>>> print(open('final.cif').read())   # mmCIF, C-alpha atoms
data_protein
loop_
_atom_site.label_atom_id
_atom_site.label_comp_id
_atom_site.auth_asym_id
_atom_site.auth_seq_id
_atom_site.Cartn_x
_atom_site.Cartn_y
_atom_site.Cartn_z
CA MET A 210 -23.35 29.39 24.88
CA SER A 211 -23.14 25.73 25.77
CA LYS A 212 -20.60 24.73 28.30
CA SER A 213 -17.56 23.52 26.49
CA THR A 214 -17.48 19.84 25.64
CA VAL A 215 -13.80 20.44 25.16
CA SER A 216 -13.11 20.98 28.81
CA THR A 217 -14.97 17.83 29.78
CA ILE A 218 -13.21 15.51 27.35
CA ALA A 219 -9.93 17.24 27.89
CA ALA A 220 -10.30 16.82 31.62
CA ALA A 221 -10.25 13.09 31.13
CA ARG A 222 -6.84 13.34 29.57
CA THR A 223 -5.08 15.69 31.92
CA HIS A 224 -2.79 12.95 33.13
CA ASP A 225 -0.94 12.86 29.85
CA ALA A 226 -0.16 16.54 29.87
CA ALA A 227 0.14 16.44 33.61
CA GLU A 228 1.40 19.90 34.24
CA SER A 229 -0.14 22.76 36.06
CA CYS A 230 -1.42 26.01 34.64
CA TRP A 231 1.26 28.68 34.34
CA SER A 232 -1.18 31.28 35.61
CA CYS A 233 -3.27 29.85 38.43
CA GLY A 234 -1.49 26.56 39.18
CA ALA A 235 -4.53 24.36 38.64
CA MET A 236 -4.43 21.33 36.40
CA ARG A 237 -4.09 22.30 32.80
CA VAL A 238 -5.48 20.61 29.72
CA ALA A 239 -4.02 20.46 26.24
CA GLN A 240 -5.05 23.96 25.28
CA PHE A 241 -6.55 25.76 28.26
CA CYS A 242 -6.44 25.68 31.99
CA GLY A 243 -9.46 23.83 33.28
CA ALA A 244 -9.81 26.29 36.14
CA CYS A 245 -9.00 29.79 34.93
CA GLY A 246 -9.41 29.17 31.19
CA LYS A 247 -6.13 30.76 30.17
CA VAL A 248 -4.40 29.53 27.06
CA GLN A 249 -1.48 27.23 27.75
CA PRO A 250 1.87 26.74 26.06
CA PRO A 251 1.66 23.95 23.50
CA ALA A 252 2.33 20.58 25.06
CA PRO A 253 3.99 17.86 23.04
CA VAL A 254 0.93 15.65 22.78
CA ASP A 255 -0.22 13.59 19.83
CA TYR A 256 -3.23 14.67 17.78
CA PHE A 257 -5.59 12.24 19.47
CA SER A 258 -4.64 13.54 22.89
CA PHE A 259 -4.88 17.08 21.61
CA PHE A 260 -8.59 16.51 21.13
CA GLY A 261 -8.79 14.49 24.31
CA LEU A 262 -9.45 11.33 22.37
CA PRO A 263 -8.16 7.80 22.85
CA PRO A 264 -6.08 6.51 19.90
CA LYS A 265 -9.03 4.78 18.30
CA LEU A 266 -9.74 4.81 14.59
CA ASN A 267 -13.48 4.86 14.56
CA LEU A 268 -14.28 8.39 15.52
CA ASP A 269 -17.28 10.59 15.13
CA VAL A 270 -16.20 13.18 12.61
CA ALA A 271 -19.21 15.39 13.33
CA THR A 272 -18.22 15.70 16.99
CA LEU A 273 -14.61 16.27 16.01
CA GLU A 274 -15.68 19.06 13.70
CA LYS A 275 -17.78 20.67 16.39
CA GLU A 276 -14.87 20.63 18.79
CA PHE A 277 -12.56 21.91 16.13
CA TYR A 278 -14.73 24.97 15.55
CA GLU A 279 -15.17 25.59 19.21
CA LEU A 280 -11.45 25.41 19.87
CA SER A 281 -10.73 27.51 16.81
CA ARG A 282 -12.89 30.26 18.15
CA LYS A 283 -11.32 30.14 21.57
CA LEU A 284 -7.80 30.06 20.24
CA HIS A 285 -8.31 32.73 17.64
CA PRO A 286 -5.45 35.22 17.94
CA ASP A 287 -7.88 38.15 17.73
CA LEU A 288 -9.66 36.95 20.82
CA ASN A 289 -6.39 36.80 22.67
CA ALA A 290 -5.29 40.20 21.44
CA ARG A 291 -5.54 41.73 24.88
CA ALA A 292 -3.68 38.87 26.53
CA GLY A 293 0.05 39.04 27.15
CA SER A 294 2.41 38.53 24.24
CA LYS A 295 3.31 35.07 25.55
CA GLU A 296 -0.31 34.05 25.53
CA GLN A 297 -0.79 35.46 22.05
CA GLU A 298 2.12 33.46 20.79
CA TRP A 299 0.81 30.30 22.45
CA SER A 300 -2.64 30.73 21.05
CA LEU A 301 -1.14 31.11 17.60
CA GLU A 302 0.92 27.96 18.01
CA GLN A 303 -2.02 26.11 19.46
CA SER A 304 -4.18 27.26 16.55
CA SER A 305 -1.81 25.92 13.97
CA ARG A 306 -1.48 22.66 15.87
CA LEU A 307 -5.25 22.48 16.06
CA ASN A 308 -5.51 22.83 12.29
CA ASP A 309 -2.94 20.10 11.71
CA ALA A 310 -4.60 17.80 14.20
CA TYR A 311 -8.04 18.33 12.73
CA ARG A 312 -6.94 17.88 9.14
CA THR A 313 -5.15 14.67 10.03
CA LEU A 314 -7.86 13.11 12.15
CA LYS A 315 -10.89 13.95 10.05
CA ASP A 316 -9.50 12.10 7.02
CA PRO A 317 -9.86 8.33 7.52
CA ILE A 318 -6.70 7.44 5.61
CA LYS A 319 -4.56 10.19 7.13
CA ARG A 320 -5.85 9.20 10.53
CA THR A 321 -4.80 5.60 9.97
CA GLN A 322 -1.40 6.61 8.63
CA TYR A 323 -0.91 8.91 11.58
CA LEU A 324 -1.70 6.15 14.02
CA LEU A 325 0.77 3.86 12.27
CA HIS A 326 3.34 6.62 12.49
CA LEU A 327 2.62 7.01 16.21
CA GLU A 328 3.06 3.29 16.64
CA GLY A 329 6.47 3.53 15.02
CA VAL A 330 5.67 1.73 11.79
CA GLN A 331 8.21 2.52 9.09
CA LEU A 332 7.00 1.24 5.78
CA GLU A 333 10.23 1.47 3.87
CA GLU A 334 12.25 0.03 6.72
CA GLN A 335 9.97 -2.99 6.73
CA SER A 336 10.57 -3.67 3.09
CA LYS A 337 14.31 -3.23 3.41
CA SER A 338 14.66 -5.50 6.40
CA ALA A 339 12.56 -8.15 4.66
CA THR A 340 14.98 -8.04 1.74
CA GLU A 341 17.90 -8.36 4.11
CA LYS A 342 16.26 -11.34 5.71
CA ALA A 343 15.71 -12.95 2.32
CA ARG A 344 19.36 -12.37 1.54
CA ALA A 345 20.48 -14.02 4.76
CA THR A 346 18.16 -17.01 4.67
CA GLY A 347 17.87 -17.57 0.94
CA GLU A 348 14.12 -17.66 1.26
CA VAL A 349 11.99 -15.81 -1.23
CA LYS A 350 10.74 -12.54 0.17
CA LYS A 351 7.04 -12.28 0.52
CA GLN A 352 5.95 -9.38 -1.61
CA ILE A 353 3.72 -6.78 -0.04
CA VAL A 354 1.73 -6.48 -3.21
CA PRO A 355 0.05 -9.80 -3.98
CA PRO A 356 1.19 -11.51 -7.23
CA ASP A 357 -2.17 -11.38 -8.99
CA LEU A 358 -2.43 -7.64 -8.41
CA LEU A 359 1.11 -7.21 -9.71
CA GLU A 360 0.24 -9.15 -12.85
CA GLU A 361 -2.77 -6.96 -13.39
CA VAL A 362 -0.76 -3.80 -12.80
CA PHE A 363 1.91 -4.93 -15.20
CA GLU A 364 -0.52 -5.83 -17.91
CA LEU A 365 -2.41 -2.59 -17.56
CA ASN A 366 0.85 -0.64 -17.75
CA MET A 367 1.68 -2.41 -20.99
CA GLN A 368 -1.67 -1.33 -22.40
CA LEU A 369 -1.15 2.22 -21.21
CA GLU A 370 2.20 2.29 -22.93
CA GLU A 371 0.55 1.11 -26.11
CA LEU A 372 -2.10 3.78 -25.75
CA ARG A 373 0.51 6.51 -25.31
CA MET A 374 2.35 5.33 -28.40
CA GLU A 375 -0.83 5.38 -30.40
CA LYS A 376 -1.66 8.84 -29.24
CA LYS A 377 1.74 10.03 -30.38
CA THR A 378 1.20 8.71 -33.86
CA GLY A 379 -2.37 9.97 -33.92
CA GLU A 380 -3.90 6.54 -34.14
CA ASP A 381 -6.91 5.58 -32.14
CA ASP A 382 -7.86 2.11 -31.08
CA PRO A 383 -11.31 2.12 -29.49
CA ALA A 384 -10.97 -1.51 -28.49
CA LEU A 385 -7.83 -0.76 -26.50
CA ILE A 386 -9.45 2.20 -24.78
CA ALA A 387 -12.49 0.09 -23.94
CA GLU A 388 -10.21 -2.56 -22.49
CA ILE A 389 -8.39 -0.02 -20.34
CA GLU A 390 -11.66 1.51 -19.18
CA LYS A 391 -12.81 -1.92 -18.11
CA HIS A 392 -9.63 -2.45 -16.17
CA LYS A 393 -9.98 0.91 -14.55
CA ALA A 394 -13.53 0.21 -13.41
CA ALA A 395 -12.40 -3.05 -11.84
CA LEU A 396 -9.57 -1.28 -10.05
CA GLU A 397 -11.85 1.39 -8.70
CA GLN A 398 -14.09 -1.29 -7.31
CA LYS A 399 -11.12 -2.93 -5.66
CA TYR A 400 -10.13 0.43 -4.23
CA GLU A 401 -13.53 0.80 -2.58
CA ALA A 402 -13.40 -2.74 -1.26
CA LEU A 403 -10.03 -2.06 0.33
CA PHE A 404 -11.50 0.78 2.33
CA GLN A 405 -14.12 -1.58 3.71
CA GLU A 406 -11.35 -3.98 4.58
CA LEU A 407 -9.43 -1.24 6.33
CA GLN A 408 -12.47 -0.38 8.42
CA SER A 409 -12.72 -3.95 9.60
CA TYR A 410 -9.15 -3.64 10.91
CA TRP A 411 -10.04 -0.38 12.62
CA LYS A 412 -12.55 -2.39 14.56
CA SER A 413 -10.00 -4.88 15.80
CA TRP A 414 -7.57 -2.08 16.67
CA ASP A 415 -10.22 -0.17 18.60
CA GLY A 416 -11.21 -3.32 20.43
CA LEU A 417 -7.63 -3.68 21.50
CA ILE A 418 -7.47 -0.12 22.79
CA GLU A 419 -10.71 -0.64 24.67
CA ARG A 420 -9.27 -3.67 26.36
CA GLU A 421 -6.23 -1.65 27.36
CA GLN A 422 -8.44 1.09 28.71
CA ALA A 423 -10.25 -1.51 30.76
CA GLY A 424 -6.91 -2.41 32.29
CA GLN A 425 -6.34 -5.64 30.38
CA ALA A 426 -2.91 -6.40 29.02
CA VAL A 427 -2.78 -6.80 25.26
CA PRO A 428 0.04 -9.01 23.96
CA ALA A 429 2.52 -7.12 21.77
CA GLY A 430 2.12 -9.70 19.04
CA GLU A 431 -1.58 -9.00 18.78
CA ARG A 432 -0.93 -5.30 18.54
CA LYS A 433 1.62 -5.79 15.81
CA GLN A 434 -0.70 -8.06 13.89
CA ALA A 435 -3.44 -5.45 13.88
CA LEU A 436 -1.00 -2.78 12.68
CA ASP A 437 0.51 -5.02 10.01
CA LYS A 438 -2.90 -5.68 8.53
CA MET A 439 -3.53 -1.96 8.21
CA VAL A 440 -0.12 -1.39 6.63
CA ASP A 441 -0.80 -4.13 4.15
CA VAL A 442 -4.17 -2.79 3.10
CA LEU A 443 -2.88 0.78 2.80
CA ASN A 444 -0.02 -0.41 0.62
CA ARG A 445 -2.34 -2.16 -1.77
CA ARG A 446 -4.62 0.84 -1.79
CA ASN A 447 -1.75 3.21 -2.60
CA TYR A 448 -0.73 1.01 -5.43
CA ILE A 449 -4.15 1.04 -6.97
CA ARG A 450 -4.57 4.76 -6.44
CA ASN A 451 -1.35 5.51 -8.32
CA LEU A 452 -2.36 3.20 -11.08
CA VAL A 453 -5.79 4.75 -11.52
CA ARG A 454 -4.08 8.13 -11.65
CA ASP A 455 -1.80 6.90 -14.44
CA VAL A 456 -4.75 5.48 -16.30
CA ASN A 457 -6.59 8.76 -16.12
CA GLU A 458 -3.57 10.64 -17.39
CA ALA A 459 -3.13 8.27 -20.29
CA LEU A 460 -6.81 8.36 -21.18
CA GLU A 461 -7.00 12.13 -21.09
CA GLY A 462 -7.55 13.57 -24.50
CA SER A 463 -7.82 10.18 -26.13
CA SER A 464 -11.59 10.11 -26.13
CA MET B 296 16.64 16.34 -6.47
CA SER B 297 18.58 15.58 -9.60
CA TYR B 298 19.50 12.23 -11.02
CA SER B 299 23.12 11.13 -11.28
CA ASP B 300 24.68 10.82 -14.74
CA LYS B 301 24.62 7.04 -14.47
CA VAL B 302 20.91 7.01 -13.71
CA ILE B 303 20.24 9.30 -16.65
CA ASP B 304 22.35 7.11 -18.91
CA HIS B 305 20.45 3.97 -17.93
CA TYR B 306 17.17 5.83 -18.21
CA ASN B 307 17.90 7.11 -21.70
CA HIS B 308 19.59 3.94 -22.87
CA PRO B 309 18.13 1.13 -20.79
CA ARG B 310 20.01 -2.15 -21.24
CA ASN B 311 18.22 -5.38 -21.92
CA VAL B 312 14.65 -4.18 -22.16
CA GLY B 313 12.28 -6.86 -23.27
CA SER B 314 10.85 -10.18 -22.28
CA MET B 315 11.42 -13.88 -22.66
CA ASP B 316 9.09 -16.82 -22.74
CA LYS B 317 7.78 -17.12 -19.23
CA SER B 318 6.87 -20.78 -19.67
CA SER B 319 10.32 -21.89 -20.79
CA PRO B 320 11.94 -24.18 -18.20
CA ASP B 321 15.22 -22.27 -18.45
CA VAL B 322 13.64 -18.88 -17.81
CA GLY B 323 13.01 -17.46 -14.36
CA THR B 324 10.64 -14.54 -13.97
CA GLY B 325 10.51 -12.09 -11.08
CA LEU B 326 7.66 -9.63 -10.85
CA VAL B 327 7.86 -7.23 -7.93
CA GLY B 328 6.30 -3.98 -6.88
CA ALA B 329 7.04 -1.12 -4.53
CA PRO B 330 4.01 0.08 -2.64
CA GLU B 331 5.81 3.30 -1.70
CA CYS B 332 5.61 4.56 -5.26
CA GLY B 333 3.52 2.09 -7.25
CA ASP B 334 6.42 0.98 -9.41
CA VAL B 335 6.29 -2.44 -10.97
CA MET B 336 9.34 -4.30 -12.17
CA LYS B 337 9.68 -7.49 -14.18
CA LEU B 338 13.05 -9.14 -14.47
CA GLN B 339 13.71 -12.35 -16.35
CA ILE B 340 16.78 -14.53 -16.54
CA LYS B 341 17.70 -17.38 -18.83
CA VAL B 342 19.99 -19.89 -17.20
CA ASN B 343 22.28 -22.43 -18.84
CA ARG B 344 21.21 -25.72 -17.36
CA ASP B 345 24.69 -27.22 -17.40
CA THR B 346 26.69 -24.37 -15.95
CA ASN B 347 24.01 -22.46 -14.01
CA VAL B 348 25.30 -19.31 -15.69
CA ILE B 349 22.78 -16.59 -16.44
CA GLU B 350 23.14 -16.18 -20.18
CA GLU B 351 20.41 -13.69 -20.82
CA ALA B 352 18.56 -11.13 -18.74
CA LYS B 353 15.65 -8.92 -19.68
CA PHE B 354 13.60 -6.39 -17.80
CA LYS B 355 10.62 -4.17 -18.12
CA THR B 356 9.95 -1.57 -15.45
CA PHE B 357 7.17 0.92 -15.09
CA GLY B 358 8.30 3.54 -12.66
CA CYS B 359 10.65 6.41 -11.98
CA GLY B 360 14.09 6.91 -13.47
CA SER B 361 15.82 5.34 -10.50
CA ALA B 362 13.70 2.21 -10.71
CA ILE B 363 14.41 1.86 -14.41
CA ALA B 364 18.12 2.46 -13.89
CA SER B 365 18.28 0.01 -10.97
CA SER B 366 16.68 -2.78 -12.96
CA SER B 367 18.69 -1.98 -16.07
CA LEU B 368 21.87 -2.20 -14.04
CA ALA B 369 20.65 -5.39 -12.37
CA THR B 370 20.27 -7.13 -15.74
CA GLU B 371 23.77 -6.01 -16.72
CA TRP B 372 25.23 -7.34 -13.51
CA VAL B 373 23.54 -10.73 -13.45
CA LYS B 374 24.49 -11.57 -17.03
CA GLY B 375 27.48 -13.90 -17.10
CA LYS B 376 27.19 -14.67 -13.40
CA THR B 377 26.15 -18.01 -11.99
CA VAL B 378 22.88 -18.09 -10.12
CA ASP B 379 24.69 -18.26 -6.80
CA GLU B 380 26.93 -15.33 -7.71
CA ALA B 381 23.92 -13.28 -8.74
CA LEU B 382 22.38 -13.86 -5.32
CA THR B 383 25.26 -11.98 -3.72
CA ILE B 384 24.23 -8.71 -5.36
CA LYS B 385 23.03 -6.34 -2.66
CA ASN B 386 20.81 -3.35 -3.03
CA MET B 387 23.50 -1.12 -1.55
CA ASP B 388 25.82 -2.11 -4.42
CA ILE B 389 23.25 -0.65 -6.77
CA VAL B 390 22.84 2.44 -4.61
CA LYS B 391 26.57 3.06 -4.74
CA GLU B 392 26.95 2.41 -8.44
CA LEU B 393 24.09 4.74 -9.35
CA SER B 394 24.63 7.26 -6.52
CA LEU B 395 20.99 6.94 -5.55
CA PRO B 396 19.77 9.42 -2.92
CA PRO B 397 18.19 8.07 0.29
CA VAL B 398 14.63 8.62 -0.98
CA LYS B 399 15.36 6.30 -3.90
CA ILE B 400 16.89 3.43 -1.96
CA HIS B 401 13.63 1.52 -2.24
CA CYS B 402 14.24 1.33 -6.00
CA SER B 403 17.44 -0.60 -5.40
CA VAL B 404 15.64 -2.83 -2.90
CA LEU B 405 13.11 -3.54 -5.60
CA ALA B 406 15.84 -4.48 -8.07
CA GLU B 407 17.41 -6.89 -5.60
CA ASP B 408 13.98 -8.35 -4.90
CA ALA B 409 13.46 -8.79 -8.64
CA ILE B 410 16.73 -10.70 -9.03
CA ARG B 411 15.85 -12.93 -6.09
CA ALA B 412 12.32 -13.48 -7.31
CA ALA B 413 13.54 -14.42 -10.81
CA ILE B 414 16.08 -16.85 -9.42
CA GLY B 415 13.51 -18.25 -7.02
CA ASP B 416 11.13 -18.85 -9.90
CA TRP B 417 13.84 -20.56 -11.91
CA LYS B 418 14.84 -22.76 -8.97
CA LYS B 419 11.26 -23.81 -8.47
CA LYS B 420 11.07 -24.86 -12.10
CA GLN B 421 14.25 -26.91 -11.75
CA GLU B 422 12.89 -28.71 -8.71
CA SER B 423 9.59 -29.56 -10.31
CA ALA B 424 11.46 -30.73 -13.41
CA LYS B 425 13.13 -33.44 -11.33
CA PRO B 426 10.18 -35.39 -9.93
CA VAL B 427 12.22 -38.61 -9.77
CA ALA B 428 14.81 -37.10 -7.49
CA ALA B 429 12.10 -35.67 -5.28
CA GLU B 430 10.42 -39.04 -4.94
CA ALA B 431 13.67 -40.85 -4.22
CA LYS B 432 14.23 -38.68 -1.18
#
>>> encode(input="final.cif", output="structure tokens")
Amino acid sequence: MSKSTVSTIAAARTHDAAESCWSCGAMRVAQFCGACGKVQPPAPVDYFSFFGLPPKLNLDVATLEKEFYELSRKLHPDLNARAGSKEQEWSLEQSSRLNDAYRTLKDPIKRTQYLLHLEGVQLEEQSKSATEKARATGEVKKQIVPPDLLEEVFELNMQLEELRMEKKTGEDDPALIAEIEKHKAALEQKYEALFQELQSYWKSWDGLIEREQAGQAVPAGERKQALDKMVDVLNRRNYIRNLVRDVNEALEGSS
Amino acid sequence: MSYSDKVIDHYNHPRNVGSMDKSSPDVGTGLVGAPECGDVMKLQIKVNRDTNVIEEAKFKTFGCGSAIASSSLATEWVKGKTVDEALTIKNMDIVKELSLPPVKIHCSVLAEDAIRAAIGDWKKKQESAKPVAAEAK
């Protein structure tokens, strides 16, 4: 079997979980001791660190998957059946953490949301404090969802309401359905485009992390700007996703 | 989670549902949305140009019960108030009145935003209706 890639990448991150192995005293890594290979008690590290990765958003999912399977095998409770009860418990905990970490990181949107969470971004708080600011200054609050999208959403909701009414009375208006379908197609296109946009912000975020790794100081404002852009695009995307879901529900059974 | 009686009442009997002519100079329109849930809320006010009193308020909200109740209540509250009085309405007032749970606070924020947006729209119209005053500045 190939020598574990896990131990090599994990070795690069030992400083974060800088503790020593409970068994042999050597430096430990997130899951196993680098020296004696024994399973370690779960350390409170984030999911990126768990896989020995920097907090960058462009990641190679194929490599992640490979590491996930390798770690899964090693942490499998059956394999640790002959170990002490402490070790068995740890391997179980580590396994479940591994699953959470993998599920979160492999999905591009969940990964982004997780990073925002790590960076302390609170979506609802942002909206609330913006309202409070508007109250204090008398300025009009800048809406997260751009006005033209709101108009579109509102109009489409009106049409959906009409469609639901018609369905109740058994009427059928093909022109209305065609109109809604057209709207839906446009929204789906927008949804795709937003993912592209998000990826462009990944790039700027990753560039920032790389600069930090190279020892350069990154101004806090720049960091915040990169995060804000991601929040903004995710918000718009959520909005459209919910709307498309509503459209699908309303269209169901009407064709 | 269950809705409070007041939320259910507003949901079942929403006050002031409807719309007014967006292009009328006396009408202010606020259209806002909550990205957390995808709700969209439109609130319109009609203001007496002599007294600045909000004489009529209408809303249309697509969203959950709390969002509908918050905007319904908002239209009730702004009616009869002057524009400046209406601006003192805070989201927490709505939260208290409707006993909204913490997860639904964003609905009340949305309602306050809608009031502010409608008033902001109306104010903008008043300013652009007075080009002479603006030039004299």
>>> closest_residue(input="final.cif", among="A:Leu369, A:Leu324, A:Ala343, A:Ala387", to="Phe357 of chain B", atoms="all atoms listed in the file")
A:Leu369
>>> interface_residues(input="final.cif", of="chain B", to="chain A", cutoff="10 Å", atoms="all atoms listed in the file", output="CSV table (one decimal) with C-alpha atoms, keeping the file's coordinate frame")
chain,number,residue,atom,x,y,z
B,326,LEU,CA,7.7,-9.6,-10.8
B,327,VAL,CA,7.9,-7.2,-7.9
B,328,GLY,CA,6.3,-4.0,-6.9
B,329,ALA,CA,7.0,-1.1,-4.5
B,330,PRO,CA,4.0,0.1,-2.6
B,331,GLU,CA,5.8,3.3,-1.7
B,332,CYS,CA,5.6,4.6,-5.3
B,333,GLY,CA,3.5,2.1,-7.2
B,334,ASP,CA,6.4,1.0,-9.4
B,335,VAL,CA,6.3,-2.4,-11.0
B,336,MET,CA,9.3,-4.3,-12.2
B,337,LYS,CA,9.7,-7.5,-14.2
B,355,LYS,CA,10.6,-4.2,-18.1
B,356,THR,CA,10.0,-1.6,-15.4
B,357,PHE,CA,7.2,0.9,-15.1
B,358,GLY,CA,8.3,3.5,-12.7
B,382,LEU,CA,22.4,-13.9,-5.3
B,383,THR,CA,25.3,-12.0,-3.7
B,384,ILE,CA,24.2,-8.7,-5.4
B,385,LYS,CA,23.0,-6.3,-2.7
B,386,ASN,CA,20.8,-3.4,-3.0
B,398,VAL,CA,14.6,8.6,-1.0
B,400,ILE,CA,16.9,3.4,-2.0
B,401,HIS,CA,13.6,1.5,-2.2
B,403,SER,CA,17.4,-0.6,-5.4
B,404,VAL,CA,15.6,-2.8,-2.9
B,405,LEU,CA,13.1,-3.5,-5.6
B,407,GLU,CA,17.4,-6.9,-5.6
B,408,ASP,CA,14.0,-8.4,-4.9
B,409,ALA,CA,13.5,-8.8,-8.6
B,411,ARG,CA,15.8,-12.9,-6.1
B,412,ALA,CA,12.3,-13.5,-7.3
B,413,ALA,CA,13.5,-14.4,-10.8
B,414,ILE,CA,16.1,-16.8,-9.4
B,415,GLY,CA,13.5,-18.2,-7.0
B,416,ASP,CA,11.1,-18.8,-9.9
>>> residues_near_point(input="final.cif", point="(-2.7, 2.2, -27.7)", cutoff="10 Å", atoms="only C-alpha atoms", output="MDAnalysis selection string")
chainID A and resid 367:386 389 459:460 463
>>> resolve_selection(input="final.cif", expression="the PyMOL selection byres ((chain A and resi 307) around 9)", output="list in words")
Tyr256, Phe259, Phe260, Phe277, Leu280, Ser281, Glu302, Gln303, Ser304, Ser305, Arg306, Asn308, Asp309, Ala310, Tyr311 and Arg312 of chain A
>>> residues_near_point(input="final.cif", point="(17.7, -8.2, -12.9)", cutoff="9 Å", atoms="all atoms listed in the file", output="list of chain:residue names")
B:Gly325, B:Lys337, B:Leu338, B:Gln339, B:Ile340, B:Ala352, B:Lys353, B:Phe354, B:Ser365, B:Ser366, B:Ser367, B:Leu368, B:Ala369, B:Thr370, B:Glu371, B:Trp372, B:Val373, B:Lys374, B:Ala406, B:Glu407, B:Asp408, B:Ala409, B:Ile410, B:Arg411, B:Ala413
>>> residues_around(input="final.cif", residues="Asp304 of chain B", least_positions_apart="6", cutoff="12 Å", atoms="all atoms listed in the file", output="list of chain:residue names")
B:Tyr298, B:Arg310, B:Gly360, B:Ser361, B:Ile363, B:Ala364, B:Ser365, B:Ser367, B:Leu368, B:Leu393
>>> atom_distance(input="final.cif", atom1="atom CA of Lys412 of chain A", atom2="atom CA of Leu266 of chain A")
7.7 Å
>>> atom_distance(input="final.cif", atom1="atom CA of Asp357 of chain A", atom2="atom CA of Val442 of chain A")
15.0 Å
>>> residues_around(input="final.cif", residues="Lys341 of chain B", least_positions_apart="2", cutoff="7 Å", atoms="only C-alpha atoms", output="list in words")
Asp321, Val322, Gly323, Gln339, Asn343, Ile349, Glu350, Glu351 and Ala352 of chain B
>>> residues_around(input="final.cif", residues="Leu436 of chain A", least_positions_apart="4", cutoff="8 Å", atoms="all atoms listed in the file", output="short mmCIF file (atom, residue, chain, number, x, y, z; two decimals) with C-alpha atoms, in the frame of the given file")
data_model
loop_
_atom_site.label_atom_id
_atom_site.label_comp_id
_atom_site.auth_asym_id
_atom_site.auth_seq_id
_atom_site.Cartn_x
_atom_site.Cartn_y
_atom_site.Cartn_z
CA LEU A 325 0.77 3.86 12.27
CA TRP A 414 -7.57 -2.08 16.67
CA ARG A 432 -0.93 -5.30 18.54
CA VAL A 440 -0.12 -1.39 6.63
#
